[in-house]
file query.cif (mmCIF, C-alpha atoms; chains and numbers go by the auth columns)
data_start
loop_
_atom_site.group_PDB
_atom_site.id
_atom_site.type_symbol
_atom_site.label_atom_id
_atom_site.label_comp_id
_atom_site.label_asym_id
_atom_site.label_seq_id
_atom_site.Cartn_x
_atom_site.Cartn_y
_atom_site.Cartn_z
_atom_site.B_iso_or_equiv
_atom_site.auth_seq_id
_atom_site.auth_asym_id
ATOM 1 C CA MET A 1 -8.673 -14.524 8.216 0.00 1 W
ATOM 2 C CA LEU A 2 -4.962 -13.864 7.994 0.00 2 W
ATOM 3 C CA ALA A 3 -4.079 -15.860 4.939 0.00 3 W
ATOM 4 C CA GLN A 4 -5.666 -17.978 2.278 0.00 4 W
ATOM 5 C CA GLY A 5 -3.933 -20.572 0.163 0.00 5 W
ATOM 6 C CA PRO A 6 -0.428 -21.984 0.688 0.00 6 W
ATOM 7 C CA CYS A 7 1.873 -19.589 2.530 0.00 7 W
ATOM 8 C CA ARG A 8 5.572 -20.007 3.177 0.00 8 W
ATOM 9 C CA PHE A 9 7.896 -17.377 4.511 0.00 9 W
ATOM 10 C CA ASP A 10 11.632 -17.292 3.912 0.00 10 W
ATOM 11 C CA GLY A 11 12.480 -14.856 6.703 0.00 11 W
ATOM 12 C CA GLY A 12 11.591 -14.701 10.339 0.00 12 W
ATOM 13 C CA GLU A 13 12.066 -11.897 12.783 0.00 13 W
ATOM 14 C CA ILE A 14 15.123 -9.761 12.135 0.00 14 W
ATOM 15 C CA GLY A 15 16.651 -6.794 13.930 0.00 15 W
ATOM 16 C CA SER A 16 15.061 -3.357 13.765 0.00 16 W
ATOM 17 C CA CYS A 17 15.310 -1.339 10.558 0.00 17 W
ATOM 18 C CA ALA A 18 18.280 0.998 10.751 0.00 18 W
ATOM 19 C CA ASN A 19 16.448 3.692 8.806 0.00 19 W
ATOM 20 C CA SER A 20 12.831 3.488 9.942 0.00 20 W
ATOM 21 C CA LEU A 21 10.462 5.617 7.903 0.00 21 W
ATOM 22 C CA ARG A 22 8.348 6.159 11.003 0.00 22 W
ATOM 23 C CA GLY A 23 10.997 8.238 12.698 0.00 23 W
ATOM 24 C CA PHE A 24 9.300 11.144 10.885 0.00 24 W
ATOM 25 C CA VAL A 25 5.949 12.596 11.911 0.00 25 W
ATOM 26 C CA PRO A 26 4.860 15.586 9.827 0.00 26 W
ATOM 27 C CA THR A 27 4.893 19.048 11.295 0.00 27 W
ATOM 28 C CA SER A 28 3.128 22.140 10.097 0.00 28 W
ATOM 29 C CA ASP A 29 6.360 23.043 8.212 0.00 29 W
ATOM 30 C CA GLY A 30 7.036 20.803 6.929 0.00 30 W
ATOM 31 C CA GLU A 31 15.202 -5.646 -15.085 0.00 31 W
ATOM 32 C CA ALA A 32 14.906 -9.240 -14.062 0.00 32 W
ATOM 33 C CA ALA A 33 13.953 -12.427 -15.908 0.00 33 W
ATOM 34 C CA GLY A 34 10.212 -12.856 -16.204 0.00 34 W
ATOM 35 C CA ALA A 35 9.521 -9.151 -15.729 0.00 35 W
ATOM 36 C CA PRO A 36 5.948 -8.168 -16.636 0.00 36 W
ATOM 37 C CA THR A 37 5.014 -6.260 -19.780 0.00 37 W
ATOM 38 C CA ARG A 38 4.144 -2.709 -18.844 0.00 38 W
ATOM 39 C CA LYS A 39 0.699 -1.391 -19.643 0.00 39 W
ATOM 40 C CA ARG A 40 -1.515 1.404 -18.392 0.00 40 W
ATOM 41 C CA GLY A 41 -0.309 2.819 -15.101 0.00 41 W
ATOM 42 C CA GLU A 42 3.324 1.942 -15.741 0.00 42 W
ATOM 43 C CA VAL A 43 6.164 3.812 -14.119 0.00 43 W
ATOM 44 C CA ASP A 44 8.546 6.010 -16.110 0.00 44 W
ATOM 45 C CA ARG A 45 11.609 3.844 -15.738 0.00 45 W
ATOM 46 C CA ASN A 46 13.987 6.702 -16.523 0.00 46 W
ATOM 47 C CA GLY A 47 12.804 9.014 -13.763 0.00 47 W
ATOM 48 C CA PRO A 48 10.025 9.793 -11.292 0.00 48 W
ATOM 49 C CA ASN A 49 6.498 8.711 -12.203 0.00 49 W
ATOM 50 C CA THR A 50 4.575 11.604 -13.746 0.00 50 W
ATOM 51 C CA ASP A 51 1.113 10.045 -13.366 0.00 51 W
ATOM 52 C CA ASP A 52 -0.785 11.912 -10.678 0.00 52 W
ATOM 53 C CA LYS A 53 -4.245 10.344 -10.720 0.00 53 W
ATOM 54 C CA VAL A 54 -5.730 6.948 -9.879 0.00 54 W
ATOM 55 C CA ALA A 55 -9.387 5.955 -10.212 0.00 55 W
ATOM 56 C CA ALA A 56 -11.395 3.708 -7.925 0.00 56 W
ATOM 57 C CA ALA A 57 -14.133 1.915 -9.876 0.00 57 W
ATOM 58 C CA ARG A 58 -17.655 1.615 -8.460 0.00 58 W
ATOM 59 C CA TRP A 59 -18.587 -2.015 -7.794 0.00 59 W
ATOM 60 C CA MET A 60 -22.250 -2.976 -7.630 0.00 60 W
ATOM 61 C CA GLY A 61 -21.828 -6.681 -8.340 0.00 61 W
ATOM 62 C CA ALA A 62 -21.367 -9.823 -6.316 0.00 62 W
ATOM 63 C CA MET A 63 -19.152 -10.367 -3.291 0.00 63 W
ATOM 64 C CA ASP A 64 -17.503 -13.659 -2.427 0.00 64 W
ATOM 65 C CA GLU A 65 -18.209 -15.712 0.680 0.00 65 W
ATOM 66 C CA GLU A 66 -15.850 -13.548 2.750 0.00 66 W
ATOM 67 C CA GLY A 67 -17.322 -10.236 1.663 0.00 67 W
ATOM 68 C CA PHE A 68 -14.650 -9.226 -0.845 0.00 68 W
ATOM 69 C CA PRO A 69 -15.368 -8.380 -4.503 0.00 69 W
ATOM 70 C CA VAL A 70 -15.404 -11.436 -6.738 0.00 70 W
ATOM 71 C CA GLU A 71 -12.278 -11.989 -8.808 0.00 71 W
ATOM 72 C CA GLU A 72 -13.625 -10.609 -12.088 0.00 72 W
ATOM 73 C CA ALA A 73 -14.515 -7.331 -10.370 0.00 73 W
ATOM 74 C CA TRP A 74 -10.895 -6.203 -10.393 0.00 74 W
ATOM 75 C CA GLU A 75 -10.825 -6.047 -14.193 0.00 75 W
ATOM 76 C CA ALA A 76 -13.074 -2.974 -13.910 0.00 76 W
ATOM 77 C CA ALA A 77 -10.440 -1.109 -11.905 0.00 77 W
ATOM 78 C CA PRO A 78 -7.601 0.614 -13.811 0.00 78 W
ATOM 79 C CA PRO A 79 -4.204 -0.347 -12.366 0.00 79 W
ATOM 80 C CA VAL A 80 -1.301 1.752 -11.250 0.00 80 W
ATOM 81 C CA ARG A 81 2.118 0.104 -11.281 0.00 81 W
ATOM 82 C CA PHE A 82 5.443 1.167 -9.847 0.00 82 W
ATOM 83 C CA ASP A 83 8.841 -0.394 -9.268 0.00 83 W
ATOM 84 C CA ALA A 84 11.202 2.548 -8.735 0.00 84 W
ATOM 85 C CA ASP A 85 12.501 3.733 -5.388 0.00 85 W
ATOM 86 C CA TRP A 86 11.163 6.667 -3.357 0.00 86 W
ATOM 87 C CA ARG A 87 13.136 9.065 -5.580 0.00 87 W
ATOM 88 C CA GLY A 88 11.827 7.542 -8.810 0.00 88 W
ATOM 89 C CA LEU A 89 15.185 5.829 -9.486 0.00 89 W
ATOM 90 C CA HIS A 90 16.633 2.294 -9.621 0.00 90 W
ATOM 91 C CA ALA A 91 13.581 0.606 -11.111 0.00 91 W
ATOM 92 C CA ASP A 92 13.424 -3.139 -10.406 0.00 92 W
ATOM 93 C CA ALA A 93 10.780 -5.049 -12.380 0.00 93 W
ATOM 94 C CA ALA A 94 11.221 -8.084 -10.096 0.00 94 W
ATOM 95 C CA ARG A 95 9.771 -5.910 -7.301 0.00 95 W
ATOM 96 C CA GLU A 96 6.932 -4.308 -9.223 0.00 96 W
ATOM 97 C CA THR A 97 3.773 -3.417 -7.307 0.00 97 W
ATOM 98 C CA GLU A 98 0.354 -3.141 -8.919 0.00 98 W
ATOM 99 C CA VAL A 99 -2.599 -1.503 -7.152 0.00 99 W
ATOM 100 C CA ARG A 100 -6.282 -1.495 -8.132 0.00 100 W
ATOM 101 C CA LEU A 101 -9.165 0.106 -6.225 0.00 101 W
ATOM 102 C CA LEU A 102 -12.897 -0.558 -6.049 0.00 102 W
ATOM 103 C CA TRP A 103 -15.503 1.218 -3.967 0.00 103 W
ATOM 104 C CA THR A 104 -19.016 0.900 -2.628 0.00 104 W
ATOM 105 C CA PRO A 105 -20.719 3.555 -0.504 0.00 105 W
ATOM 106 C CA ARG A 106 -19.614 1.640 2.597 0.00 106 W
ATOM 107 C CA THR A 107 -16.160 0.306 1.719 0.00 107 W
ATOM 108 C CA LEU A 108 -12.975 1.114 -0.182 0.00 108 W
ATOM 109 C CA TYR A 109 -11.246 -2.016 -1.504 0.00 109 W
ATOM 110 C CA LEU A 110 -7.623 -2.227 -2.623 0.00 110 W
ATOM 111 C CA ARG A 111 -5.778 -5.083 -4.274 0.00 111 W
ATOM 112 C CA PHE A 112 -1.985 -5.158 -4.157 0.00 112 W
ATOM 113 C CA LEU A 113 0.009 -7.509 -6.410 0.00 113 W
ATOM 114 C CA ALA A 114 3.619 -7.473 -5.248 0.00 114 W
ATOM 115 C CA ARG A 115 6.451 -9.205 -7.096 0.00 115 W
ATOM 116 C CA TYR A 116 9.296 -10.049 -4.743 0.00 116 W
ATOM 117 C CA ARG A 117 12.906 -11.125 -4.568 0.00 117 W
ATOM 118 C CA SER A 118 12.676 -12.214 -0.934 0.00 118 W
ATOM 119 C CA ILE A 119 10.125 -12.313 1.886 0.00 119 W
ATOM 120 C CA THR A 120 10.804 -11.062 5.406 0.00 120 W
ATOM 121 C CA VAL A 121 7.994 -10.948 7.986 0.00 121 W
ATOM 122 C CA PHE A 122 7.416 -10.768 11.702 0.00 122 W
ATOM 123 C CA SER A 123 6.535 -14.032 13.418 0.00 123 W
ATOM 124 C CA ASP A 124 4.268 -12.477 16.062 0.00 124 W
ATOM 125 C CA ALA A 125 1.279 -10.133 16.237 0.00 125 W
ATOM 126 C CA ASP A 126 -1.731 -9.632 18.469 0.00 126 W
ATOM 127 C CA ALA A 127 -4.818 -11.820 18.086 0.00 127 W
ATOM 128 C CA SER A 128 -6.251 -9.592 15.342 0.00 128 W
ATOM 129 C CA GLY A 129 -3.018 -9.619 13.332 0.00 129 W
ATOM 130 C CA TRP A 130 -2.181 -6.019 14.283 0.00 130 W
ATOM 131 C CA ARG A 131 1.580 -5.493 14.563 0.00 131 W
ATOM 132 C CA ASP A 132 3.368 -2.338 15.649 0.00 132 W
ATOM 133 C CA HIS A 133 6.404 -1.279 13.590 0.00 133 W
ATOM 134 C CA LEU A 134 5.187 -3.465 10.736 0.00 134 W
ATOM 135 C CA TRP A 135 7.190 -1.306 8.298 0.00 135 W
ATOM 136 C CA GLU A 136 10.398 -2.868 9.633 0.00 136 W
ATOM 137 C CA ARG A 137 9.561 -5.932 7.515 0.00 137 W
ATOM 138 C CA ASP A 138 8.028 -6.329 4.041 0.00 138 W
ATOM 139 C CA VAL A 139 4.791 -4.398 3.489 0.00 139 W
ATOM 140 C CA CYS A 140 2.511 -2.744 0.969 0.00 140 W
ATOM 141 C CA GLU A 141 1.172 0.615 2.105 0.00 141 W
ATOM 142 C CA VAL A 142 -1.459 3.172 1.221 0.00 142 W
ATOM 143 C CA PHE A 143 -1.660 6.727 2.564 0.00 143 W
ATOM 144 C CA LEU A 144 -5.131 8.294 2.211 0.00 144 W
ATOM 145 C CA GLN A 145 -6.230 11.882 2.722 0.00 145 W
ATOM 146 C CA SER A 146 -9.988 12.378 2.342 0.00 146 W
ATOM 147 C CA ASP A 147 -9.868 16.075 3.238 0.00 147 W
ATOM 148 C CA PRO A 148 -7.098 17.799 1.243 0.00 148 W
ATOM 149 C CA THR A 149 -7.728 21.050 3.134 0.00 149 W
ATOM 150 C CA GLU A 150 -5.945 19.432 6.097 0.00 150 W
ATOM 151 C CA ALA A 151 -2.666 19.071 4.272 0.00 151 W
ATOM 152 C CA ARG A 152 -0.716 17.374 7.077 0.00 152 W
ATOM 153 C CA ARG A 153 -3.430 14.978 8.281 0.00 153 W
ATOM 154 C CA TYR A 154 -3.919 11.583 6.626 0.00 154 W
ATOM 155 C CA LYS A 155 -4.340 7.879 7.324 0.00 155 W
ATOM 156 C CA GLU A 156 -1.837 5.107 6.737 0.00 156 W
ATOM 157 C CA PHE A 157 -2.598 1.406 6.257 0.00 157 W
ATOM 158 C CA GLU A 158 -0.088 -1.409 5.820 0.00 158 W
ATOM 159 C CA VAL A 159 -0.367 -5.119 5.106 0.00 159 W
ATOM 160 C CA ALA A 160 2.389 -7.738 5.205 0.00 160 W
ATOM 161 C CA PRO A 161 2.838 -10.934 3.161 0.00 161 W
ATOM 162 C CA ASN A 162 1.560 -13.010 6.102 0.00 162 W
ATOM 163 C CA GLY A 163 -1.548 -10.892 6.656 0.00 163 W
ATOM 164 C CA PHE A 164 -0.306 -8.821 9.599 0.00 164 W
ATOM 165 C CA TRP A 165 -1.497 -5.232 9.438 0.00 165 W
ATOM 166 C CA ILE A 166 -1.393 -1.791 11.001 0.00 166 W
ATOM 167 C CA GLY A 167 -3.476 1.377 10.674 0.00 167 W
ATOM 168 C CA LEU A 168 -2.277 4.798 11.769 0.00 168 W
ATOM 169 C CA GLU A 169 -3.681 8.311 11.903 0.00 169 W
ATOM 170 C CA ILE A 170 -1.003 10.872 11.077 0.00 170 W
ATOM 171 C CA ALA A 171 -1.288 14.548 12.003 0.00 171 W
ATOM 172 C CA PRO A 172 1.116 17.352 12.915 0.00 172 W
ATOM 173 C CA GLY A 173 3.127 16.101 15.870 0.00 173 W
ATOM 174 C CA LYS A 174 0.929 13.004 16.179 0.00 174 W
ATOM 175 C CA LYS A 175 0.949 9.347 15.173 0.00 175 W
ATOM 176 C CA GLY A 176 -1.929 7.361 16.628 0.00 176 W
ATOM 177 C CA ASP A 177 -3.198 3.794 16.270 0.00 177 W
ATOM 178 C CA LEU A 178 -6.251 3.613 14.035 0.00 178 W
ATOM 179 C CA ARG A 179 -8.373 0.556 14.728 0.00 179 W
ATOM 180 C CA ALA A 180 -10.509 1.170 11.675 0.00 180 W
ATOM 181 C CA GLY A 181 -12.095 -2.234 11.101 0.00 181 W
ATOM 182 C CA MET A 182 -9.701 -3.022 8.268 0.00 182 W
ATOM 183 C CA ARG A 183 -10.132 -6.490 6.768 0.00 183 W
ATOM 184 C CA ARG A 184 -7.581 -8.226 4.563 0.00 184 W
ATOM 185 C CA ARG A 185 -6.843 -11.440 2.717 0.00 185 W
ATOM 186 C CA VAL A 186 -3.334 -12.422 1.641 0.00 186 W
ATOM 187 C CA GLU A 187 -2.137 -15.145 -0.728 0.00 187 W
ATOM 188 C CA MET A 188 1.349 -16.286 -1.723 0.00 188 W
ATOM 189 C CA ASP A 189 2.336 -17.549 -5.172 0.00 189 W
ATOM 190 C CA ASP A 190 5.815 -19.004 -4.752 0.00 190 W
ATOM 191 C CA ALA A 191 6.106 -20.117 -8.377 0.00 191 W
ATOM 192 C CA ALA A 192 5.438 -16.610 -9.714 0.00 192 W
ATOM 193 C CA ARG A 193 7.341 -14.975 -6.832 0.00 193 W
ATOM 194 C CA ARG A 194 4.389 -12.764 -6.087 0.00 194 W
ATOM 195 C CA TRP A 195 2.205 -12.050 -3.102 0.00 195 W
ATOM 196 C CA ARG A 196 -1.236 -10.548 -3.207 0.00 196 W
ATOM 197 C CA ALA A 197 -3.261 -8.669 -0.623 0.00 197 W
ATOM 198 C CA VAL A 198 -6.891 -7.557 -0.795 0.00 198 W
ATOM 199 C CA VAL A 199 -7.776 -4.901 1.769 0.00 199 W
ATOM 200 C CA ALA A 200 -11.215 -3.595 2.791 0.00 200 W
ATOM 201 C CA LEU A 201 -11.401 -0.209 4.533 0.00 201 W
ATOM 202 C CA PRO A 202 -14.726 1.053 5.935 0.00 202 W
ATOM 203 C CA MET A 203 -15.579 4.442 4.439 0.00 203 W
ATOM 204 C CA ASN A 204 -16.645 5.776 7.837 0.00 204 W
ATOM 205 C CA SER A 205 -13.082 5.278 9.059 0.00 205 W
ATOM 206 C CA LEU A 206 -11.712 7.345 6.176 0.00 206 W
ATOM 207 C CA ALA A 207 -14.100 10.297 6.007 0.00 207 W
ATOM 208 C CA GLU A 208 -16.789 11.820 8.194 0.00 208 W
ATOM 209 C CA ARG A 209 -19.194 11.644 5.251 0.00 209 W
ATOM 210 C CA PHE A 210 -18.251 9.879 2.049 0.00 210 W
ATOM 211 C CA ASP A 211 -18.826 12.005 -1.040 0.00 211 W
ATOM 212 C CA PRO A 212 -18.066 10.141 -4.285 0.00 212 W
ATOM 213 C CA THR A 213 -17.664 13.434 -6.150 0.00 213 W
ATOM 214 C CA ALA A 214 -14.786 14.473 -3.887 0.00 214 W
ATOM 215 C CA VAL A 215 -11.167 14.128 -4.953 0.00 215 W
ATOM 216 C CA TRP A 216 -8.976 12.533 -2.287 0.00 216 W
ATOM 217 C CA ARG A 217 -5.188 12.520 -2.066 0.00 217 W
ATOM 218 C CA VAL A 218 -3.293 9.221 -2.076 0.00 218 W
ATOM 219 C CA ASN A 219 0.076 7.538 -2.388 0.00 219 W
ATOM 220 C CA PHE A 220 1.154 3.893 -2.487 0.00 220 W
ATOM 221 C CA PHE A 221 4.381 2.421 -1.179 0.00 221 W
ATOM 222 C CA ARG A 222 6.262 -0.822 -0.820 0.00 222 W
ATOM 223 C CA VAL A 223 9.072 -1.967 1.457 0.00 223 W
ATOM 224 C CA GLU A 224 11.117 -5.138 0.951 0.00 224 W
ATOM 225 C CA GLY A 225 14.311 -6.483 2.448 0.00 225 W
ATOM 226 C CA ALA A 226 15.753 -7.975 5.611 0.00 226 W
ATOM 227 C CA ALA A 227 18.483 -5.398 6.170 0.00 227 W
ATOM 228 C CA GLU A 228 19.620 -2.030 4.880 0.00 228 W
ATOM 229 C CA PRO A 229 19.796 -1.027 2.122 0.00 229 W
ATOM 230 C CA ARG A 230 16.169 -2.129 1.819 0.00 230 W
ATOM 231 C CA PHE A 231 13.963 -1.481 -1.220 0.00 231 W
ATOM 232 C CA TYR A 232 11.672 1.495 -0.527 0.00 232 W
ATOM 233 C CA SER A 233 9.463 2.100 -3.550 0.00 233 W
ATOM 234 C CA ALA A 234 6.722 4.649 -4.200 0.00 234 W
ATOM 235 C CA TRP A 235 4.048 5.321 -6.786 0.00 235 W
ATOM 236 C CA ARG A 236 4.562 9.078 -6.467 0.00 236 W
ATOM 237 C CA ALA A 237 8.208 9.770 -5.702 0.00 237 W
ATOM 238 C CA THR A 238 8.813 11.757 -2.522 0.00 238 W
ATOM 239 C CA GLY A 239 12.267 12.896 -3.650 0.00 239 W
ATOM 240 C CA THR A 240 13.773 13.105 -0.167 0.00 240 W
ATOM 241 C CA PRO A 241 17.510 12.474 0.328 0.00 241 W
ATOM 242 C CA GLU A 242 16.769 9.515 2.636 0.00 242 W
ATOM 243 C CA PRO A 243 13.776 7.164 2.453 0.00 243 W
ATOM 244 C CA ASN A 244 10.716 9.047 3.695 0.00 244 W
ATOM 245 C CA PHE A 245 7.140 8.307 2.679 0.00 245 W
ATOM 246 C CA HIS A 246 5.606 11.042 4.832 0.00 246 W
ATOM 247 C CA VAL A 247 5.553 13.755 2.189 0.00 247 W
ATOM 248 C CA PRO A 248 1.901 14.643 1.521 0.00 248 W
ATOM 249 C CA GLU A 249 2.976 17.241 -1.042 0.00 249 W
ATOM 250 C CA ALA A 250 3.879 14.281 -3.284 0.00 250 W
ATOM 251 C CA PHE A 251 0.463 12.576 -3.010 0.00 251 W
ATOM 252 C CA GLY A 252 -1.521 12.019 -6.186 0.00 252 W
ATOM 253 C CA GLN A 253 -5.264 12.310 -6.754 0.00 253 W
ATOM 254 C CA LEU A 254 -7.846 9.595 -6.064 0.00 254 W
ATOM 255 C CA VAL A 255 -11.129 9.920 -7.925 0.00 255 W
ATOM 256 C CA PHE A 256 -14.219 7.728 -7.580 0.00 256 W
ATOM 257 C CA GLU A 257 -15.610 6.610 -10.927 0.00 257 W
#

call {"tool": "encode", "arguments": {"input": "query.cif", "output": "structure tokens"}}
result
Amino acid sequence: MLAQGPCRFDGGEIGSCANSLRGFVPTSDGEAAGAPTRKRGEVDRNGPNTDDKVAAARWMGAMDEEGFPVEEAWEAAPPVRFDADWRGLHADAARETEVRLLWTPRTLYLRFLARYRSITVFSDADASGWRDHLWERDVCEVFLQSDPTEARRYKEFEVAPNGFWIGLEIAPGKKGDLRAGMRRRVEMDDAARRWRAVVALPMNSLAERFDPTAVWRVNFFRVEGAAEPRFYSAWRATGTPEPNFHVPEAFGQLVFE
């Protein structure tokens, strides 16, 4: 299911991003009206976010009819919030992103709440909703590294406001499609200027054997805008001169509570 609830999109297909973040593959070297009140997980609005840990909460309760955690489940998951750019600068509360995570032994669930100024999406995808170069339109992203001993190898998942998605496996000199069985549900709230995505990632696509005592590495990102300069925001600032999310040294810790 690509979308649930009323969905309207202000932007259609637009020319390619002039500064695509996916031009980089890692090598071995290498305030607005109505802004939300900030709580736990807030960004340091005067500089890069210093939080380095996010917790996924264990969920043993009910699932809804589509196999996602019921709405009240998300209250058990502590949020992380960010609205600054990839350097930790130029915070914009009207583009704040909140992320919460839940887990079961079989699945990692993420919920993104994304405040927006504008919406720009692709108008086409394959039958499953998979869309190459999805990052050239608006997206929420998560980079996950289940084995921190492989510092330059991780997985990337993206979801767009219309439910299109992409999964990639990133390794030194490599960027491969990852058809991981990702499921997602996306809803638009025009009145609140917010879109929401719930993503389900099978654990067996993320790790050879899931160990809930392990500490993973993670970062969350957001892209918005029809043309450069676009808004590239990050939970953990990458600090690069130009927008670049592929900096695993900047990843934070993901623990399973």

call {"tool": "closest_residue", "arguments": {"input": "query.cif", "among": "W:Val223, W:Pro148, W:Arg183, W:Gly67", "to": "Phe245 (chain W)", "atoms": "only C-alpha atoms"}}
result
W:Val223

call {"tool": "closest_residue", "arguments": {"input": "query.cif", "among": "W:Asp83, W:Glu242, W:Glu98, W:Glu257", "to": "Val198 (chain W)", "atoms": "only C-alpha atoms"}}
result
W:Glu98

call {"tool": "axis_aligned_box", "arguments": {"input": "query.cif", "around": "region 144-155 of chain W", "padding_each_side": "6 Å", "output": "JSON"}}
result
{"center_x": -5.4, "center_y": 14.5, "center_z": 4.8, "size_x": 21.3, "size_y": 25.2, "size_z": 19.0}

call {"tool": "residues_around", "arguments": {"input": "query.cif", "residues": "Arg137 (chain W)", "least_positions_apart": "6", "cutoff": "8 Å", "atoms": "all atoms listed in the file", "output": "short mmCIF file (atom, residue, chain, number, x, y, z; two decimals) with C-alpha atoms, keeping the file's coordinate frame"}}
result
data_model
loop_
_atom_site.label_atom_id
_atom_site.label_comp_id
_atom_site.auth_asym_id
_atom_site.auth_seq_id
_atom_site.Cartn_x
_atom_site.Cartn_y
_atom_site.Cartn_z
CA CYS W 17 15.31 -1.34 10.56
CA THR W 120 10.80 -11.06 5.41
CA VAL W 121 7.99 -10.95 7.99
CA PHE W 122 7.42 -10.77 11.70
CA ALA W 160 2.39 -7.74 5.20
CA VAL W 223 9.07 -1.97 1.46
CA GLU W 224 11.12 -5.14 0.95
CA GLY W 225 14.31 -6.48 2.45
CA ALA W 226 15.75 -7.98 5.61
#

call {"tool": "resolve_selection", "arguments": {"input": "query.cif", "expression": "the PyMOL selection byres ((chain W and resi 105) around 9)", "output": "PDB file with C-alpha atoms, in the frame of the given file"}}
result
ATOM      1  CA  ARG W  58     -17.655   1.615  -8.460  1.00  0.00           C
ATOM      2  CA  TRP W 103     -15.503   1.218  -3.967  1.00  0.00           C
ATOM      3  CA  THR W 104     -19.016   0.900  -2.628  1.00  0.00           C
ATOM      4  CA  ARG W 106     -19.614   1.640   2.597  1.00  0.00           C
ATOM      5  CA  THR W 107     -16.160   0.306   1.719  1.00  0.00           C
ATOM      6  CA  LEU W 108     -12.975   1.114  -0.182  1.00  0.00           C
ATOM      7  CA  MET W 203     -15.579   4.442   4.439  1.00  0.00           C
ATOM      8  CA  PHE W 210     -18.251   9.879   2.049  1.00  0.00           C
ATOM      9  CA  ASP W 211     -18.826  12.005  -1.040  1.00  0.00           C
ATOM     10  CA  PRO W 212     -18.066  10.141  -4.285  1.00  0.00           C
TER      11      PRO W 212
END

call {"tool": "resolve_selection", "arguments": {"input": "query.cif", "expression": "the PyMOL selection byres ((chain W and resi 241) around 12)", "output": "mmCIF file with C-alpha atoms, in the coordinates of the input"}}
result
data_model
loop_
_atom_site.group_PDB
_atom_site.id
_atom_site.type_symbol
_atom_site.label_atom_id
_atom_site.label_comp_id
_atom_site.auth_asym_id
_atom_site.auth_seq_id
_atom_site.Cartn_x
_atom_site.Cartn_y
_atom_site.Cartn_z
ATOM 1 C CA ASP W 85 12.501 3.733 -5.388
ATOM 2 C CA TRP W 86 11.163 6.667 -3.357
ATOM 3 C CA ARG W 87 13.136 9.065 -5.580
ATOM 4 C CA GLY W 88 11.827 7.542 -8.810
ATOM 5 C CA ALA W 237 8.208 9.770 -5.702
ATOM 6 C CA THR W 238 8.813 11.757 -2.522
ATOM 7 C CA GLY W 239 12.267 12.896 -3.650
ATOM 8 C CA THR W 240 13.773 13.105 -0.167
ATOM 9 C CA GLU W 242 16.769 9.515 2.636
ATOM 10 C CA PRO W 243 13.776 7.164 2.453
ATOM 11 C CA ASN W 244 10.716 9.047 3.695
ATOM 12 C CA PHE W 245 7.140 8.307 2.679
#

call {"tool": "resolve_selection", "arguments": {"input": "query.cif", "expression": "the PyMOL selection byres ((chain W and resi 215) around 10)", "output": "list of chain:residue names"}}
result
W:Lys53, W:Ala55, W:Gln145, W:Ser146, W:Asp147, W:Pro148, W:Asp211, W:Pro212, W:Thr213, W:Ala214, W:Trp216, W:Arg217, W:Val218, W:Gly252, W:Gln253, W:Leu254, W:Val255, W:Phe256

call {"tool": "atom_distance", "arguments": {"input": "query.cif", "atom1": "CA of Glu249 (chain W)", "atom2": "CA of Leu168 (chain W)"}}
result
18.6 Å

call {"tool": "atom_distance", "arguments": {"input": "query.cif", "atom1": "CA of Gly167 (chain W)", "atom2": "CA of Val139 (chain W)"}}
result
12.4 Å

call {"tool": "closest_residue", "arguments": {"input": "query.cif", "among": "W:Asp138, W:Glu66, W:Glu187, W:Glu158", "to": "Ile119 (chain W)", "atoms": "all atoms listed in the file"}}
result
W:Asp138

call {"tool": "atom_distance", "arguments": {"input": "query.cif", "atom1": "CA of Pro248 (chain W)", "atom2": "CA of Ala57 (chain W)"}}
result
23.4 Å

call {"tool": "closest_residue", "arguments": {"input": "query.cif", "among": "W:Lys155, W:His133, W:Arg115, W:His90", "to": "Met188 (chain W)", "atoms": "all atoms listed in the file"}}
result
W:Arg115

call {"tool": "residues_around", "arguments": {"input": "query.cif", "residues": "Phe143 (chain W)", "least_positions_apart": "3", "cutoff": "8 Å", "atoms": "only C-alpha atoms", "output": "list in words"}}
result
Tyr154, Lys155, Glu156, Phe157, Val218, Asn219 and Phe220 of chain W

call {"tool": "closest_residue", "arguments": {"input": "query.cif", "among": "W:Pro161, W:Ala125, W:Glu65, W:Arg131", "to": "Asp177 (chain W)", "atoms": "only C-alpha atoms"}}
result
W:Arg131

call {"tool": "residues_around", "arguments": {"input": "query.cif", "residues": "Val99 (chain W)", "least_positions_apart": "6", "cutoff": "6 Å", "atoms": "all atoms listed in the file", "output": "PyMOL selection string"}}
result
chain W and resi 79-80+111-112

call {"tool": "decode", "arguments": {"input": "query.cif", "residues": "region 205-218 of chain W", "atoms": "C-alpha atoms", "output": "compact mmCIF listing (two decimals), in the first residue's frame"}}
result
# COMPACT_ATOMS: atom_id res chain seq x y z
CA SER W 205 17.80 -7.96 5.68
CA LEU W 206 19.76 -5.87 8.18
CA ALA W 207 21.90 -8.44 9.97
CA GLU W 208 22.92 -12.05 9.46
CA ARG W 209 21.71 -12.82 12.99
CA PHE W 210 19.86 -10.24 15.03
CA ASP W 211 21.32 -9.78 18.50
CA PRO W 212 19.32 -7.33 20.64
CA THR W 213 22.32 -6.76 22.91
CA ALA W 214 24.39 -5.44 20.00
CA VAL W 215 24.90 -1.73 19.43
CA TRP W 216 24.33 -0.69 15.82
CA ARG W 217 25.37 2.53 14.11
CA VAL W 218 22.74 4.82 12.59
